[in-house]
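Peer 1: Following this line is start-v9.cif, made up of mmCIF, C-alpha atoms:
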```cif
data_structure
#
loop_
_atom_site.group_PDB
_atom_site.id
_atom_site.type_symbol
_atom_site.label_atom_id
_atom_site.label_comp_id
_atom_site.auth_asym_id
_atom_site.auth_seq_id
_atom_site.Cartn_x
_atom_site.Cartn_y
_atom_site.Cartn_z
ATOM 1 C CA MET A 1 38.221 264.851 56.025
ATOM 2 C CA ARG A 2 41.306 266.821 54.964
ATOM 3 C CA ILE A 3 43.490 263.699 55.033
ATOM 4 C CA SER A 4 41.027 261.762 52.858
ATOM 5 C CA TYR A 5 40.966 264.678 50.364
ATOM 6 C CA LEU A 6 44.785 264.668 50.251
ATOM 7 C CA PHE A 7 44.817 260.872 49.837
ATOM 8 C CA TYR A 8 42.239 261.120 47.012
ATOM 9 C CA SER A 9 44.297 263.844 45.301
ATOM 10 C CA ILE A 10 47.476 261.761 45.514
ATOM 11 C CA PHE A 11 45.673 258.692 44.186
ATOM 12 C CA LEU A 12 44.171 260.711 41.319
ATOM 13 C CA ALA A 13 47.553 262.229 40.416
ATOM 14 C CA LEU A 14 49.216 258.817 40.374
ATOM 15 C CA MET A 15 46.471 257.380 38.193
ATOM 16 C CA LEU A 16 46.540 260.315 35.776
ATOM 17 C CA ASN A 17 50.338 260.294 35.682
ATOM 18 C CA GLY A 18 50.323 256.642 34.638
ATOM 19 C CA CYS A 19 47.722 257.261 31.943
ATOM 20 C CA SER A 20 49.327 260.354 30.484
ATOM 21 C CA SER A 21 51.625 258.429 28.153
ATOM 22 C CA SER A 22 48.636 256.911 26.363
ATOM 23 C CA LEU A 23 47.122 260.321 25.616
ATOM 24 C CA LYS A 24 47.702 261.796 22.181
ATOM 25 C CA TRP A 25 49.775 264.930 22.733
ATOM 26 C CA VAL A 26 50.194 266.360 19.210
ATOM 27 C CA GLU A 27 47.185 266.433 16.924
ATOM 28 C CA GLU A 28 47.554 266.358 13.158
ATOM 29 C CA LYS A 29 45.763 268.968 11.057
ATOM 30 C CA SER A 30 44.091 267.008 8.249
ATOM 31 C CA ASP A 31 41.105 269.202 7.393
ATOM 32 C CA ALA A 32 41.776 270.802 4.001
ATOM 33 C CA SER A 33 39.401 273.635 4.828
ATOM 34 C CA LYS A 34 41.707 275.032 7.523
ATOM 35 C CA THR A 35 43.337 278.297 6.588
ATOM 36 C CA ALA A 36 47.071 278.663 6.085
ATOM 37 C CA TYR A 37 47.169 280.950 9.111
ATOM 38 C CA GLU A 38 45.660 278.304 11.381
ATOM 39 C CA LYS A 39 48.108 275.698 10.107
ATOM 40 C CA SER A 40 51.113 277.970 10.564
ATOM 41 C CA GLU A 41 49.969 278.941 14.085
ATOM 42 C CA THR A 42 49.684 275.252 15.019
ATOM 43 C CA LYS A 43 53.186 274.610 13.679
ATOM 44 C CA VAL A 44 54.599 277.470 15.789
ATOM 45 C CA VAL A 45 52.971 276.134 18.950
ATOM 46 C CA ILE A 46 54.213 272.589 18.311
ATOM 47 C CA ASP A 47 57.680 273.970 17.635
ATOM 48 C CA ASP A 48 57.600 275.865 20.950
ATOM 49 C CA ALA A 49 56.862 272.640 22.828
ATOM 50 C CA TRP A 50 59.656 270.892 20.914
ATOM 51 C CA ILE A 51 62.079 273.739 21.690
ATOM 52 C CA ALA A 52 61.214 273.631 25.419
ATOM 53 C CA THR A 53 61.754 269.859 25.444
ATOM 54 C CA GLN A 54 65.106 270.180 23.656
ATOM 55 C CA ILE A 55 66.318 272.897 26.033
ATOM 56 C CA ASP A 56 65.238 270.894 29.061
ATOM 57 C CA SER A 57 67.020 267.782 27.760
ATOM 58 C CA LYS A 58 70.242 269.640 26.960
ATOM 59 C CA LEU A 59 70.315 271.350 30.346
ATOM 60 C CA LEU A 60 69.669 268.021 32.057
ATOM 61 C CA ILE A 61 72.575 266.176 30.419
ATOM 62 C CA GLU A 62 75.075 269.020 30.770
ATOM 63 C CA PRO A 63 77.630 267.965 33.379
ATOM 64 C CA ASN A 64 78.133 270.283 36.353
ATOM 65 C CA LEU A 65 75.118 272.439 35.509
ATOM 66 C CA PRO A 66 72.713 272.580 38.461
ATOM 67 C CA TYR A 67 69.579 273.639 36.630
ATOM 68 C CA ARG A 68 66.980 272.207 38.985
ATOM 69 C CA GLY A 69 65.742 275.677 39.927
ATOM 70 C CA VAL A 70 65.322 276.931 36.347
ATOM 71 C CA SER A 71 61.915 277.441 34.730
ATOM 72 C CA ILE A 72 61.669 277.416 30.931
ATOM 73 C CA GLN A 73 58.942 279.080 28.891
ATOM 74 C CA VAL A 74 58.936 279.269 25.078
ATOM 75 C CA VAL A 75 56.504 281.394 23.081
ATOM 76 C CA ASN A 76 56.980 281.840 19.328
ATOM 77 C CA GLY A 77 60.626 280.761 19.551
ATOM 78 C CA GLU A 78 61.442 283.235 22.316
ATOM 79 C CA VAL A 79 62.800 281.586 25.462
ATOM 80 C CA LEU A 80 62.312 282.971 28.962
ATOM 81 C CA LEU A 81 64.500 281.516 31.714
ATOM 82 C CA THR A 82 63.589 282.291 35.317
ATOM 83 C CA GLY A 83 64.784 280.926 38.630
ATOM 84 C CA VAL A 84 68.150 280.666 40.353
ATOM 85 C CA MET A 85 71.608 279.291 39.599
ATOM 86 C CA PRO A 86 74.665 279.328 41.854
ATOM 87 C CA THR A 87 77.083 281.331 39.633
ATOM 88 C CA GLN A 88 77.111 283.732 36.705
ATOM 89 C CA ASN A 89 79.083 281.107 34.727
ATOM 90 C CA HIS A 90 76.175 278.688 35.158
ATOM 91 C CA ILE A 91 73.735 281.339 33.917
ATOM 92 C CA ASN A 92 75.932 282.057 30.879
ATOM 93 C CA GLN A 93 76.243 278.331 30.155
ATOM 94 C CA ALA A 94 72.454 277.874 30.322
ATOM 95 C CA MET A 95 71.917 280.782 27.925
ATOM 96 C CA THR A 96 74.495 279.379 25.467
ATOM 97 C CA ILE A 97 72.759 275.989 25.530
ATOM 98 C CA CYS A 98 69.374 277.626 24.874
ATOM 99 C CA GLN A 99 70.761 279.614 21.944
ATOM 100 C CA SER A 100 72.165 276.422 20.396
ATOM 101 C CA VAL A 101 68.707 274.845 20.028
ATOM 102 C CA LYS A 102 67.259 275.059 16.531
ATOM 103 C CA GLY A 103 64.257 277.372 16.336
ATOM 104 C CA VAL A 104 65.259 279.639 19.228
ATOM 105 C CA ARG A 105 64.963 283.252 18.105
ATOM 106 C CA HIS A 106 65.841 284.993 21.364
ATOM 107 C CA VAL A 107 66.745 284.074 24.951
ATOM 108 C CA ASP A 108 65.647 286.329 27.812
ATOM 109 C CA SER A 109 67.387 285.312 31.012
ATOM 110 C CA ARG A 110 65.869 286.485 34.238
ATOM 111 C CA LEU A 111 67.938 283.986 36.188
ATOM 112 C CA GLN A 112 69.239 285.199 39.526
ATOM 113 C CA LEU A 113 72.225 284.141 41.550
ATOM 114 C CA GLY A 114 71.356 281.878 44.464
ATOM 115 C CA GLU A 115 70.598 278.349 45.575
ATOM 116 C CA VAL A 116 67.329 276.442 45.210
ATOM 117 C CA LYS A 117 65.514 276.512 48.533
ATOM 118 C CA MET A 118 63.341 273.579 49.475
ATOM 119 C CA LYS A 119 61.075 274.571 52.367
ATOM 120 C CA SER A 120 60.480 270.901 53.093
ATOM 121 C CA LEU A 121 60.939 267.595 51.316
ATOM 122 C CA PHE A 122 57.839 266.618 49.395
ATOM 123 C CA THR A 123 57.518 263.679 47.097
ATOM 124 C CA ASP A 124 56.727 264.388 43.476
ATOM 125 C CA ALA A 125 53.376 262.614 43.757
ATOM 126 C CA ILE A 126 52.245 264.889 46.582
ATOM 127 C CA ILE A 127 53.347 267.996 44.665
ATOM 128 C CA THR A 128 51.503 266.798 41.550
ATOM 129 C CA ALA A 129 48.364 266.047 43.568
ATOM 130 C CA LYS A 130 48.378 269.469 45.207
ATOM 131 C CA ILE A 131 48.854 271.213 41.862
ATOM 132 C CA LYS A 132 46.101 269.206 40.184
ATOM 133 C CA ALA A 133 43.685 269.883 43.048
ATOM 134 C CA ARG A 134 44.379 273.628 42.933
ATOM 135 C CA LEU A 135 44.066 273.811 39.140
ATOM 136 C CA LEU A 136 40.784 271.893 39.217
ATOM 137 C CA ASP A 137 39.516 274.238 41.933
ATOM 138 C CA ASP A 138 40.586 277.400 40.068
ATOM 139 C CA PRO A 139 37.816 279.039 37.983
ATOM 140 C CA VAL A 140 40.223 280.411 35.327
ATOM 141 C CA THR A 141 42.453 277.449 34.506
ATOM 142 C CA PRO A 142 41.279 274.368 32.617
ATOM 143 C CA GLY A 143 42.716 271.967 35.201
ATOM 144 C CA TRP A 144 41.300 268.953 33.377
ATOM 145 C CA ALA A 145 43.179 269.925 30.182
ATOM 146 C CA ILE A 146 46.617 270.440 31.757
ATOM 147 C CA ARG A 147 48.775 267.370 32.230
ATOM 148 C CA ILE A 148 51.328 267.629 35.010
ATOM 149 C CA LYS A 149 54.488 265.669 35.627
ATOM 150 C CA THR A 150 56.800 266.414 38.548
ATOM 151 C CA GLU A 151 60.405 265.263 38.798
ATOM 152 C CA GLN A 152 62.477 266.352 41.805
ATOM 153 C CA GLY A 153 60.281 269.405 42.274
ATOM 154 C CA ARG A 154 60.403 270.440 38.588
ATOM 155 C CA VAL A 155 56.864 270.662 37.208
ATOM 156 C CA TYR A 156 56.268 269.919 33.512
ATOM 157 C CA LEU A 157 53.054 271.312 32.013
ATOM 158 C CA ARG A 158 51.525 269.863 28.852
ATOM 159 C CA GLY A 159 48.152 270.217 27.236
ATOM 160 C CA GLU A 160 46.045 272.812 25.471
ATOM 161 C CA ILE A 161 44.835 276.153 26.730
ATOM 162 C CA ARG A 162 42.450 278.654 25.149
ATOM 163 C CA ASP A 163 44.429 281.846 25.692
ATOM 164 C CA PRO A 164 47.602 283.271 27.281
ATOM 165 C CA ALA A 165 45.641 284.312 30.393
ATOM 166 C CA GLU A 166 45.098 280.628 31.241
ATOM 167 C CA ARG A 167 48.862 280.014 30.889
ATOM 168 C CA TYR A 168 49.690 282.912 33.204
ATOM 169 C CA ARG A 169 47.080 281.884 35.766
ATOM 170 C CA ALA A 170 48.198 278.224 35.795
ATOM 171 C CA ARG A 171 51.811 279.254 36.344
ATOM 172 C CA SER A 172 50.858 281.642 39.166
ATOM 173 C CA VAL A 173 48.792 278.918 40.890
ATOM 174 C CA ILE A 174 51.599 276.362 40.558
ATOM 175 C CA GLU A 175 54.339 278.717 41.796
ATOM 176 C CA LYS A 176 52.527 278.944 45.149
ATOM 177 C CA VAL A 177 52.620 275.179 45.756
ATOM 178 C CA GLU A 178 55.195 274.252 48.373
ATOM 179 C CA GLY A 179 57.965 272.044 46.997
ATOM 180 C CA VAL A 180 57.872 273.377 43.405
ATOM 181 C CA THR A 181 61.410 274.329 42.375
ATOM 182 C CA ALA A 182 60.834 275.117 38.680
ATOM 183 C CA ILE A 183 58.195 275.066 35.949
ATOM 184 C CA VAL A 184 58.766 273.849 32.392
ATOM 185 C CA ASP A 185 55.881 275.228 30.345
ATOM 186 C CA MET A 186 55.041 273.179 27.252
ATOM 187 C CA LEU A 187 51.396 274.258 27.038
ATOM 188 C CA ARG A 188 49.957 274.819 23.562
ATOM 189 C CA LEU A 189 47.375 277.382 22.528
ATOM 190 C CA ARG A 190 44.283 275.682 21.173
ATOM 191 C CA PRO A 191 43.829 276.484 17.458
#
```
What does this structure look like when you write it as structure tokens?

Peer 2:
Amino acid sequence: MRISYLFYSIFLALMLNGCSSSLKWVEEKSDASKTAYEKSETKVVIDDAWIATQIDSKLLIEPNLPYRGVSIQVVNGEVLLTGVMPTQNHINQAMTICQSVKGVRHVDSRLQLGEVKMKSLFTDAIITAKIKARLLDDPVTPGWAIRIKTEQGRVYLRGEIRDPAERYRARSVIEKVEGVTAIVDMLRLRP
């Protein structure tokens, strides 16, 4: 029974992963009756997702920067980096890259010195399936509304959540999944 549940979860994750590119990720605000506050809040959230994507891309292409174990979270232009890097120079380089991204107001580095530890080698599809199953089973997180992509153990979160508590809970559930090396949080608060 357990094997069939794992197989179903993997199949579901693969199917959802393939469909995720056809989903509309950023919604336009066209209703003239929306208040200026609502529109500005939506812009901030979209900018946070853009900032997280830019930071992730810049860290990825930087030669000799092993950032696989770094998690990125952006809220209102404030970047939080957590995880491990092998040297203080790598940490400083990551912070400099973050500060160079337009829209970043502050960078809080909680990076620690160390190496990424993989307890065992899991494929990205298995990690994604386990995460999706746990989020769907969790009573606090809207597992159906969070899109997950895993690349070499790095988990990318996209979608809409109702409040910061859902963000915190999703991250805490995902951190417990074996094989996850980092989390890149691009979740948006629902207007």

Peer 1: Would you mind reading off the distance between atom CA of A:Asp56 and atom CA of A:Ala133, one decimal, in Å?

Peer 2: 25.7 Å

Peer 1: Between atom CA of A:Gly159 and atom CA of A:Ala52, what is the distance in Å, rounded to a tenth?

Peer 2: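 Computed distance, atom CA of A:Gly159 to atom CA of A:Ala52, equals 13.6 Å.
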
Peer 1: Report, in Å with one decimal, the straight-line distance from atom CA of A:Ser100 to atom CA of A:Asp185.

Peer 2: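 Computing the Euclidean distance for atom CA of A:Ser100 and atom CA of A:Asp185 yields 19.1 Å.
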
Peer 1: Between A:Gly114, A:Gly83, A:Pro66, A:Pro139, which residue has the minimum interatomic distance to A:Val173, considering only C-alpha atoms?

Peer 2: A:Pro139

Peer 1: Could you make a table, as JSON lines, of the residues of stretch 38-99 of chain A that have an atom within 9 Å of an atom of stretch 105-110 of chain A, each with its nearest atom pair and distance in Å to one decimal, counting all atoms listed in the file, in chain and number order?

Peer 2:
```
{"residue": "A:Asn76", "atom": "CA", "partner": "A:Arg105", "partner_atom": "CA", "distance": 8.2}
{"residue": "A:Gly77", "atom": "CA", "partner": "A:Arg105", "partner_atom": "CA", "distance": 5.2}
{"residue": "A:Glu78", "atom": "CA", "partner": "A:His106", "partner_atom": "CA", "distance": 4.8}
{"residue": "A:Val79", "atom": "CA", "partner": "A:Val107", "partner_atom": "CA", "distance": 4.7}
{"residue": "A:Leu80", "atom": "CA", "partner": "A:Asp108", "partner_atom": "CA", "distance": 4.9}
{"residue": "A:Leu81", "atom": "CA", "partner": "A:Ser109", "partner_atom": "CA", "distance": 4.8}
{"residue": "A:Thr82", "atom": "CA", "partner": "A:Arg110", "partner_atom": "CA", "distance": 4.9}
{"residue": "A:Gly83", "atom": "CA", "partner": "A:Arg110", "partner_atom": "CA", "distance": 7.2}
{"residue": "A:Val84", "atom": "CA", "partner": "A:Arg110", "partner_atom": "CA", "distance": 8.7}
{"residue": "A:Ile91", "atom": "CA", "partner": "A:Ser109", "partner_atom": "CA", "distance": 8.0}
{"residue": "A:Met95", "atom": "CA", "partner": "A:Val107", "partner_atom": "CA", "distance": 6.8}
{"residue": "A:Cys98", "atom": "CA", "partner": "A:Val107", "partner_atom": "CA", "distance": 7.0}
{"residue": "A:Gln99", "atom": "CA", "partner": "A:Val107", "partner_atom": "CA", "distance": 6.7}
```

Peer 1: What are the centre and the three edge lengths of an axis-aligned box that wraps all atoms of stretch 125-129 of chain A in the file, given that 6 Å is added to every side, written as AutoDock Vina command-line options and rounded to one decimal in Å?

Peer 2:
```
--center_x 50.9 --center_y 265.3 --center_z 44.1 --size_x 17.0 --size_y 17.4 --size_z 17.0
```

Peer 1: Just want the 7 Å neighbourhood of A:Lys132, counted on only C-alpha atoms, with same-chain residues fewer than 4 positions away dropped. Output as number ranges by chain.

Peer 2: A: 128, 136, 143

Peer 1: Can those selected residues be exported to a file as an mmCIF file, keeping the file's coordinate frame so that it contains C-alpha atoms?

Peer 2:
```cif
data_model
loop_
_atom_site.group_PDB
_atom_site.id
_atom_site.type_symbol
_atom_site.label_atom_id
_atom_site.label_comp_id
_atom_site.auth_asym_id
_atom_site.auth_seq_id
_atom_site.Cartn_x
_atom_site.Cartn_y
_atom_site.Cartn_z
ATOM 1 C CA THR A 128 51.503 266.798 41.550
ATOM 2 C CA LEU A 136 40.784 271.893 39.217
ATOM 3 C CA GLY A 143 42.716 271.967 35.201
#
```

Peer 1: Add whatever atoms are absent from stretch 127-148 of chain A to reach N, CA and C atoms, and provide the output as a PDB file, in the frame of the given file.

Peer 2:
```pdb
ATOM      1  N   ILE A 127      53.322 266.708  45.358  1.00  0.00           N
ATOM      2  CA  ILE A 127      53.347 267.996  44.665  1.00  0.00           C
ATOM      3  C   ILE A 127      52.367 267.980  43.496  1.00  0.00           C
ATOM      4  N   THR A 128      52.406 266.914  42.697  1.00  0.00           N
ATOM      5  CA  THR A 128      51.503 266.798  41.550  1.00  0.00           C
ATOM      6  C   THR A 128      50.044 266.815  42.006  1.00  0.00           C
ATOM      7  N   ALA A 129      49.740 266.095  43.064  1.00  0.00           N
ATOM      8  CA  ALA A 129      48.364 266.047  43.568  1.00  0.00           C
ATOM      9  C   ALA A 129      47.896 267.420  44.045  1.00  0.00           C
ATOM     10  N   LYS A 130      48.748 268.135  44.737  1.00  0.00           N
ATOM     11  CA  LYS A 130      48.378 269.469  45.207  1.00  0.00           C
ATOM     12  C   LYS A 130      48.136 270.416  44.035  1.00  0.00           C
ATOM     13  N   ILE A 131      49.007 270.351  43.042  1.00  0.00           N
ATOM     14  CA  ILE A 131      48.854 271.213  41.862  1.00  0.00           C
ATOM     15  C   ILE A 131      47.548 270.894  41.151  1.00  0.00           C
ATOM     16  N   LYS A 132      47.304 269.612  40.907  1.00  0.00           N
ATOM     17  CA  LYS A 132      46.101 269.206  40.184  1.00  0.00           C
ATOM     18  C   LYS A 132      44.848 269.660  40.936  1.00  0.00           C
ATOM     19  N   ALA A 133      44.841 269.476  42.248  1.00  0.00           N
ATOM     20  CA  ALA A 133      43.685 269.883  43.048  1.00  0.00           C
ATOM     21  C   ALA A 133      43.459 271.393  42.953  1.00  0.00           C
ATOM     22  N   ARG A 134      44.525 272.167  43.011  1.00  0.00           N
ATOM     23  CA  ARG A 134      44.379 273.628  42.933  1.00  0.00           C
ATOM     24  C   ARG A 134      43.939 274.074  41.549  1.00  0.00           C
ATOM     25  N   LEU A 135      44.474 273.440  40.496  1.00  0.00           N
ATOM     26  CA  LEU A 135      44.066 273.811  39.140  1.00  0.00           C
ATOM     27  C   LEU A 135      42.605 273.450  38.879  1.00  0.00           C
ATOM     28  N   LEU A 136      42.179 272.292  39.391  1.00  0.00           N
ATOM     29  CA  LEU A 136      40.784 271.893  39.217  1.00  0.00           C
ATOM     30  C   LEU A 136      39.843 272.808  39.991  1.00  0.00           C
ATOM     31  N   ASP A 137      40.321 273.352  41.097  1.00  0.00           N
ATOM     32  CA  ASP A 137      39.516 274.238  41.933  1.00  0.00           C
ATOM     33  C   ASP A 137      39.514 275.677  41.404  1.00  0.00           C
ATOM     34  N   ASP A 138      40.466 276.032  40.561  1.00  0.00           N
ATOM     35  CA  ASP A 138      40.586 277.400  40.068  1.00  0.00           C
ATOM     36  C   ASP A 138      39.576 277.657  38.946  1.00  0.00           C
ATOM     37  N   PRO A 139      38.835 278.776  39.008  1.00  0.00           N
ATOM     38  CA  PRO A 139      37.816 279.039  37.983  1.00  0.00           C
ATOM     39  C   PRO A 139      38.388 279.479  36.623  1.00  0.00           C
ATOM     40  N   VAL A 140      39.644 279.903  36.570  1.00  0.00           N
ATOM     41  CA  VAL A 140      40.223 280.411  35.327  1.00  0.00           C
ATOM     42  C   VAL A 140      40.936 279.326  34.533  1.00  0.00           C
ATOM     43  N   THR A 141      41.640 278.450  35.210  1.00  0.00           N
ATOM     44  CA  THR A 141      42.453 277.449  34.506  1.00  0.00           C
ATOM     45  C   THR A 141      41.653 276.207  34.150  1.00  0.00           C
ATOM     46  N   PRO A 142      41.931 275.626  32.978  1.00  0.00           N
ATOM     47  CA  PRO A 142      41.279 274.368  32.617  1.00  0.00           C
ATOM     48  C   PRO A 142      42.075 273.203  33.215  1.00  0.00           C
ATOM     49  N   GLY A 143      41.923 272.981  34.513  1.00  0.00           N
ATOM     50  CA  GLY A 143      42.716 271.967  35.201  1.00  0.00           C
ATOM     51  C   GLY A 143      42.623 270.586  34.589  1.00  0.00           C
ATOM     52  N   TRP A 144      41.492 270.259  34.011  1.00  0.00           N
ATOM     53  CA  TRP A 144      41.300 268.953  33.377  1.00  0.00           C
ATOM     54  C   TRP A 144      42.103 268.835  32.089  1.00  0.00           C
ATOM     55  N   ALA A 145      42.485 269.955  31.472  1.00  0.00           N
ATOM     56  CA  ALA A 145      43.179 269.925  30.182  1.00  0.00           C
ATOM     57  C   ALA A 145      44.696 270.044  30.328  1.00  0.00           C
ATOM     58  N   ILE A 146      45.178 270.278  31.534  1.00  0.00           N
ATOM     59  CA  ILE A 146      46.617 270.440  31.757  1.00  0.00           C
ATOM     60  C   ILE A 146      47.162 269.175  32.399  1.00  0.00           C
ATOM     61  N   ARG A 147      48.109 268.556  31.695  1.00  0.00           N
ATOM     62  CA  ARG A 147      48.775 267.370  32.230  1.00  0.00           C
ATOM     63  C   ARG A 147      50.024 267.817  32.980  1.00  0.00           C
ATOM     64  N   ILE A 148      50.244 267.220  34.135  1.00  0.00           N
ATOM     65  CA  ILE A 148      51.328 267.629  35.010  1.00  0.00           C
ATOM     66  C   ILE A 148      52.220 266.435  35.300  1.00  0.00           C
TER      67      ILE A 148
END
```
